[in-house]
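Here is the structure we will look at, set down as structure tokens.
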Amino acid sequence: MATNLNGPRGVATYGHKVIYSVTDGSVYATDGHRRWKLGQVPGGFPPAIDTNAWGTTYALTGAGGEPGQPLPPGGATLFRLRPGKSPIAVANIAKYQSKDPDPYNLADPPTESNPYGVAALKDGTVLVADAAGNDLLRVWPNGKVKTVARLKPRVVKTPAGLGPDAPPAGTPIPSEAVATSVTVGSDGYWYVGELRGFPATPGTSQIWRIKPGSVNAVCDPVKPRKGNCTRYADGYTSIVDLAGGPHGKLAVAQLARESWLKFEMGGSPIGSLIVQDKWGHRKELARGKLNLPGGVAYNRWGDLFVSTPIFGPGAVYRVR
């Protein structure tokens, strides 16, 4: 659908159009024949994007740089794009998180923010998954923000091969959820995916199903069937994006098969794209062909699109 892109990540659709973001913060739309620019937000890392039912596209910037460093101008902010005009800052996510500390925080400041996933709702509000705050937020057009749900840490077993500074293989340690992704399923529920914090144990990333309209729900791996946030799926690895599709389908983009940590240590960049149906059946598409996928989206006809790789030259593809 689009080639020769520098670090493609965010993917959204509107009618026959595919919308995508790249490293310098630019957001484009294409119909497969021509492309045009929808706007640009502060770059350095491609923003997460989504387009609502009326064709309005939102771009979400992250924290940028190393954890604990000051935010760059325009970082951790939700923008509304206006083609041909400057984007409008809807909400400063970091400012909200500074007064809404993560009660389950394990590392770095509990008020740290790194917004990573976004989903635009039909009522004009926008959902934001914060990978540092380990929570799901809801943003109103006037900039009001509420916490929808908090994701609690999970005890996992340390994988082998992490080096002498890591605990011995098999050691149980608590690991943060790292909420990277959010989408709306065909059932109307809100779904959130986890990357999984250190030690990034493969097969421990969960997908949570959250009742629409929830406030301060708790996603608890010890009690995964309790309350307004329940576990929808388990056994994934390093989830970076979700897309709700027709008939209960959910597309799951995993950054790297071996986990994001193993990739950072020099491991394989091969990621994966898996479609799970409402009965729990899973099917992998384009197996072995996706390096570090960044974003995934369905259109209204059930066509599936994915961006890859998130670092370096790449493209947005339609996957059959």
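Chain labels A, B, ... are given in the sequence in which chains occur in the structure tokens; within each chain residues are numbered consecutively from 1, and ligands are likewise numbered from 1 in the order shown.
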Practice task
From segment 19-259 of chain A, collect each residue whose DSSP state is helix (DSSP H, G or I) and return the set as a PyMOL selection string.
Solution key: chain A and resi 93-97+246-248
Problem - Residues within 9 Å of Gly133 of chain A, only C-alpha atoms, excluding chain neighbours under 6 positions, as a PyMOL selection string - result: chain A and resi 97+100-102+105+110-115+150-151+178-179
List every residue of segment 30-127 of chain A that has an atom at most 10 Å from any atom of segment 241-248 of chain A, and for each one report the closest atom pair and its distance in Å to one decimal, counting only C-alpha atoms, with rows sorted by chain and then by increasing residue number, as CSV.
residue,atom,partner,partner_atom,distance
A:Ala48,CA,A:Asp241,CA,9.4
A:Tyr116,CA,A:Asp241,CA,9.2
A:Gly117,CA,A:Asp241,CA,7.2
A:Val118,CA,A:Asp241,CA,9.4
A:Ala119,CA,A:Ala243,CA,9.4
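Across the structure, atom CA of Pro293 of chain A and atom CA of Gly170 of chain A are spaced 28.6 Å apart.
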Problem - Residue nearest Val22 of chain A among A:Arg320, A:Trp279, A:Gly312, A:Leu121 (counting only C-alpha atoms) - result: A:Gly312
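Comparing the minimum interatomic distances between Ser21 of chain A and each of A:Leu304, A:Gly235, A:Val296, A:Asp130, counting only C-alpha atoms, we find that A:Val296 sits nearest.
Atom CA of Ser205 of chain A is positioned 4.7 Å from atom CA of Tyr236 of chain A.
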Handout entry: Of the listed residues A:Tyr58, A:Tyr14, A:Val218, A:Leu81, that which approaches Pro103 of chain A most closely, counting only C-alpha atoms
Key = A:Val218
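Distance annotation: of A:Ala76, A:Leu285, A:Val41, A:Ala200, the residue with the minimal separation from Thr23 of chain A is A:Val41; atom set is only C-alpha atoms.
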Practice task
Just give me the gap between atom CA of Leu127 of chain A and atom CA of Asn299 of chain A in Å, one decimal is fine.
Solution key: 18.9 Å
Exercise for the section: Go through A:Asp31, A:Asp220, A:Asp108, A:Glu176 and flag the residue nearest Gly15 of chain A, using only C-alpha atoms for the distances. Expected result: A:Asp31
Exercise for the section: Using only C-alpha atoms, determine which residues lie at most 10 Å from Trp140 of chain A, disregarding the query and same-chain residues fewer than 2 positions distant; provide the list as a count of residues only. Expected result: 13
Practice task
Using DSSP on the backbone coordinates, identify the residues of segment 126-305 of chain A assigned to strand (DSSP E or B); present them as an MDAnalysis selection string.
Solution key: chainID A and resid 126:130 135:139 145:151 154:157 172:175 179:184 190:194 205:210 217:219 229:236 239:244 250:254 270 272:276 282:285 291 295:298 304:305
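When only C-alpha atoms are used to measure the gap to Asn216 of chain A, the shortest distance among A:Leu38, A:Ala315, A:Ala253, A:Leu136 belongs to A:Leu136.
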Problem - Residue contacts of Ala297 of chain A (7 Å, only C-alpha atoms) excluding same-chain residues fewer than 3 positions away, as a PyMOL selection string - result: chain A and resi 11-13+243+304-306
Exercise for the section: For segment 316-319 of chain A, please output as a ChimeraX atom specification all residues within 12 Å (counting only C-alpha atoms; exclusion window: fewer than 4 positions along the same chain). Expected result: /A:1-13,17-22,28-30,32,251,273-275,284-287,289-290,293-299,302-310
